[in-house]
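I have placed the structure first, in the form of structure tokens, so that the comments after it can refer back to it.
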Amino acid sequence: MAAATTLALFWRSGGCRAFVNPAARHRGGPLLSRKLPSLHRHSQHRPAFLRSSVPAATVDSDSVTTTNTAGGSPTNSPYDVTNKLAGITGQYSPQFEEGMYKWWEDSGCFQPRTSEGTETKEPYVLPMPPPNVTGRLHMGHAIFVALQDVLARFHRMRGRSVLWLPGTDHAGIATQLQVEKALLSEGTSREEVGRETFLSRVWQYKEEQGGAITRQLRALGASADWTRERFTMDKDLSESVVEAFVRLHEKGLIYRGEYMVNWAPGLKTAVSDLEVEYTEEEGKLYYFKYVVDGAEDGDEAEHLPVATTRPETIVGDTAVCVHPEDPRYAHLIGKEVKVPMSTRTIPVIADEYVDREFGTGALKITPGHDPNDYTLGKKYDLTIINVMNKDGTMNENAGKYAGLDRFECREALWSDMEEDGLVIKVDPHTQRVPRSQRGGEIIEPLVSRQWFVKTEGMGAKALDAVKNKDITIIPSRFEKTWYQWLEDIHDWCISRQLWWGHRIPVWYVNDSEEYIVARNEEEARQTAIEQGHPDDVTLTQEEDVLDTWFSSGLWPFATLGWPENESATDSDLQKFYPSTCLETGYDILFFWVARMAMMGLELTGQSPFSVIYLHGLVRAADGSKMSKTKGNVVDPLDTVKEYGADSLRYSLVTGVTPGQDIPLNMEKVVANRNFANKLWNCCKFVTDNALKDMSEEEFNSLAVSGPVTAEEFAALPLPERHIISQCHKLVHEVTSAIEQYQLGIAGSKIYEFLWDEFADWYIEISKTRLYAGNTISGETSPETVRTARRTLVYILDTSLRLLHPYMPYVTEHLWHHLPRSAVSSNIDEDEKAHALMLADWPQMDDVMLVTNEDDERSFITFQALTRGIRNARAEYNVNLGKKIGATIVARSSDTIDQFRQELDSLVLLCKLDPESVNLVLEGSDEHDALLTAASSNNSVQVVIQDGVQAYLPLSDLIDPVKERQRLDKQKEKMGKEIEKLAKRLESPGFVEKAPEAVVTKARAELKELEEQMGKIEASLTTLAEV
């Protein structure tokens, strides 16, 4: 029990918060890890000091209880302690993720640090794109968590104070729609219950459903500072929205006016372009006559043939437009035509906008219900007629069709036109139909009085910010898209006819059109009185709320205390604004990112972020869009449950480039789960085999307390120099790539190194250092063992640090089992660091790590020799356990010396007979004799590289007697097949009567059999000489 008690006291700091002490981090380069107290575990393989009486550890999501099996009361210990006690057992399974995350969060690991050292570096700030508060996790969330968490963890380990600020959006339309559906199922509506009761129901719904999305983000490992979590409807954020509206209005940038908007009749509100989805649907193209005014009645009356997909809007037409160079209609330009089923006449106008090849080449113009027609209407000062009510029914301007639903009107109007002889024909037609993203209803373009933001000047500032490199867009190809949109920007409709959201801070005076913009009703009343209105003036607040994108456009600075802390010197706003990086999907570059840039520049005078990093969309494995109807949606939570968050994160981030869509193949997720298992087994080999039977002092002496020095490096054997040099190059490449936001490349390099270099090569070579039975002499020295142990721990520790931002759970879990060095003696015992996520990055600042390309080239030659011999064994199907001889020739004496020094490794890896291995320098006295002997023994020559060759005795590769017996049997069987097929082809009946294709096939088979027979006979001739 004493050990468990010691552990509990040692870790009383509770976790990662211990890092706030400035001396607890090194700022120059050495990798600091931390010394653990004596631990006990039930195992026969781990270091001796970890194999005493064993407390059984049980981990749950709330706490960890360690119980002494000999009796006594349980003590609660932090996750890392119980993890260390439990050891690395079995195969990789992600079941530990939930408990680990709770330990991280409860310990304050996610909060920005303000210790000495971090103050000298710019903080790294990531504003998390706020998901819908009542939403559920999908792959779009998973990709942004994976990417942003890589950035947050990397810069945190690099010694920067990192703030990844999370929060949720009130999602005006989506949330209101759900509550309206609930009311409808109860037989009522929002209008019936009233605004106050309705909003109460929405807040209730938010409390019931909200929070699920942030719990799900946690499951993915998001190391965001949840103590600063924000909600766009928080009191202070609501106040910042009001302040932004007031200031923009005071600058003359907000106005009320009529403009063409996307109208959702079911929701009875305007919606943004982002909330409109266009789908290819089968429809109809209706052809009809616009009869020239004054023409005689009848079928032959002079008319303009016109085509439309929406006949119900004919009653709102105010012109017909033709191309000025279209000879068919040139004589009609300037004349009037009759509007069908109406007494009105409208002009025929000409504009190059008309496509002469589409339809009839004559275009009906309805400025009140088509955005392009609206533009033409403004250009030619046409009357704008709105023929629809806000619920999608026809209004009084539709004449006798008033009150009909728009689609009912379509049928009724067309039927009447047919009776009047105005119909020409109806053709099937595939068209792009605008539908509401939320409700699925068809959007109706219409002119409506709304509140707008003037965007031309604000857009110019955002455009210049990118041109001047104040903001960098990654990938840079999206700069062109940014410029195109901002150079052709339109005023932004910010009002929504909803009840859930930030109510527009405008008060109308005495129910008139006169209005006052103010921060609250009291301020509005004071302004009204100052303007000459009586004290009891009636003020009515605007019913509309602001577009959700308006409030989220303030996200980077409102969440940090704007405007309240604008002048505070020690506030979050001063410390963490502007943000460093805004990472999000390219699909909302305009709708959110550009508007944040405009709002930030206008209201704070600064660009809200320095970097815009855009990721692609996560798609199905075949590249198609994930869709429930297609059944190809991959649920991230199901994936995490089965394969672990690390496997999913790594699959989303690696192998892709910024801005490219990401096809998610589940085979890749499985492969990355296998990679986690490979890493698990590598660590298990190191802790349970390489480091077994060590004392505590010996174990702790292997802790990574700094980079390998040039002096230490030079004294190491070739394989150790190679793996360390490769590892140091990897550190530099990964660090550089992440700094340049090439996250996929960096992650893939770590995978390749760990699997291809460390696991496949160095771990196998280390077995010749660790175990005397794997050496030719049957002996190994303590110094050789220590060198291997030191290298294994160093490479593994460094690799876990590099991989941690990508696969945080498994790397944290495994890192606790490695030796850890103590902090300097002036640090209190309870302030020792014990979380990988807060450990130093392998390369702090600009510290150079030792590498040697000559050593790498030399070892690559050794690898090539090993592969060559192994390939020859495989080609000759040599039994795995059989040892063979080899004569190895090299031009360089240095190469021979290196091979001789690593003969143990070569023998082990290639399964060579050490008594039959010869190393020969090309041109030496023994070279010709050995080469002649090798040739006379019918050796197989394997040409490697850099003048290296290997000669393998054929008698070692095969058993001549057994091989002759096998080939004789094969020759006999094949001879019978050849004889049978030859006789068949010699038969005139077969050749003349069988189909030509059958005869051709038989001749080809005979030729192939004869070629195989020739090879067998050649092999038998060779074997006769062995």
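Ordering of the structure tokens sets the chain letters (A, B, ...), residue numbers begin anew at 1 in every chain, and ligands are numbered from 1 in the order given.
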Using only C-alpha atoms, determine which residues lie at most 10 Å from A:Ala594, disregarding the query and same-chain residues fewer than 2 positions distant; provide the list as a ChimeraX atom specification. /A:458-459,462-463,482,485-486,553,588-592,596-600
Just to be explicit: take each residue in the selection above, keep C-alpha atoms, and write the result as a short mmCIF file (atom, residue, chain, number, x, y, z; two decimals), in the first residue's frame.
data_model
loop_
_atom_site.label_atom_id
_atom_site.label_comp_id
_atom_site.auth_asym_id
_atom_site.auth_seq_id
_atom_site.Cartn_x
_atom_site.Cartn_y
_atom_site.Cartn_z
CA MET A 458 -15.92 46.49 -46.43
CA GLY A 459 -15.30 43.98 -49.21
CA ALA A 462 -10.98 42.26 -47.07
CA LEU A 463 -9.75 42.01 -50.66
CA TRP A 482 -11.71 35.37 -53.00
CA TRP A 485 -16.37 37.26 -55.12
CA LEU A 486 -15.28 40.42 -53.35
CA GLY A 553 -19.09 37.03 -38.37
CA ILE A 588 -18.09 28.60 -46.60
CA LEU A 589 -15.24 30.79 -47.77
CA PHE A 590 -17.67 33.54 -48.78
CA PHE A 591 -20.58 33.08 -46.45
CA TRP A 592 -18.59 33.06 -43.23
CA MET A 596 -15.57 37.64 -40.66
CA ALA A 597 -12.75 39.41 -42.48
CA MET A 598 -15.03 42.31 -43.42
CA MET A 599 -16.52 42.64 -39.93
CA GLY A 600 -13.17 42.33 -38.18
#
Please report the interatomic distance between atom CA of A:Glu992 and atom CA of A:Glu1008 in Å with one decimal.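 Computed distance, atom CA of A:Glu992 to atom CA of A:Glu1008, equals 22.5 Å.
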With only C-alpha atoms counted and 8 Å as the cut-off, give the residues of stretch 652-759 of chain A in contact with stretch 616-632 of chain A, each with its shortest interatomic distance in Å and the pair that gives it, as JSON lines.
{"residue": "A:Pro658", "atom": "CA", "partner": "A:Gly616", "partner_atom": "CA", "distance": 6.9}
{"residue": "A:Gly659", "atom": "CA", "partner": "A:Gly616", "partner_atom": "CA", "distance": 4.6}
{"residue": "A:Gln660", "atom": "CA", "partner": "A:Gly616", "partner_atom": "CA", "distance": 4.6}
{"residue": "A:Asp661", "atom": "CA", "partner": "A:Gly616", "partner_atom": "CA", "distance": 4.1}
{"residue": "A:Ile662", "atom": "CA", "partner": "A:Val618", "partner_atom": "CA", "distance": 4.7}
{"residue": "A:Pro663", "atom": "CA", "partner": "A:Arg619", "partner_atom": "CA", "distance": 4.6}
{"residue": "A:Leu664", "atom": "CA", "partner": "A:Ala621", "partner_atom": "CA", "distance": 4.9}
{"residue": "A:Asn665", "atom": "CA", "partner": "A:Ala621", "partner_atom": "CA", "distance": 4.6}
{"residue": "A:Met666", "atom": "CA", "partner": "A:Ala621", "partner_atom": "CA", "distance": 7.7}
Selection export as a PDB file, in the first residue's frame, atoms kept: C-alpha atoms:
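Everything below was put into selection.pdb:
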ATOM      1  CA  PRO A 658      -5.287  21.428 -48.427  1.00  0.00           C
ATOM      2  CA  GLY A 659      -8.475  22.274 -50.287  1.00  0.00           C
ATOM      3  CA  GLN A 660      -8.855  18.854 -51.905  1.00  0.00           C
ATOM      4  CA  ASP A 661     -11.937  16.743 -51.234  1.00  0.00           C
ATOM      5  CA  ILE A 662     -11.279  13.681 -49.112  1.00  0.00           C
ATOM      6  CA  PRO A 663     -12.641  10.289 -50.203  1.00  0.00           C
ATOM      7  CA  LEU A 664     -12.995   8.302 -46.975  1.00  0.00           C
ATOM      8  CA  ASN A 665     -12.190   4.662 -47.567  1.00  0.00           C
ATOM      9  CA  MET A 666     -12.897   2.427 -44.577  1.00  0.00           C
TER      10      MET A 666
END
What is the distance between atom CA of A:Arg158 and atom CA of A:Thr82, in Å to one decimal? 27.5 Å
Length of the atom CA of A:Trp451 to atom CA of A:Asp491 vector [Å]: 9.8 Å
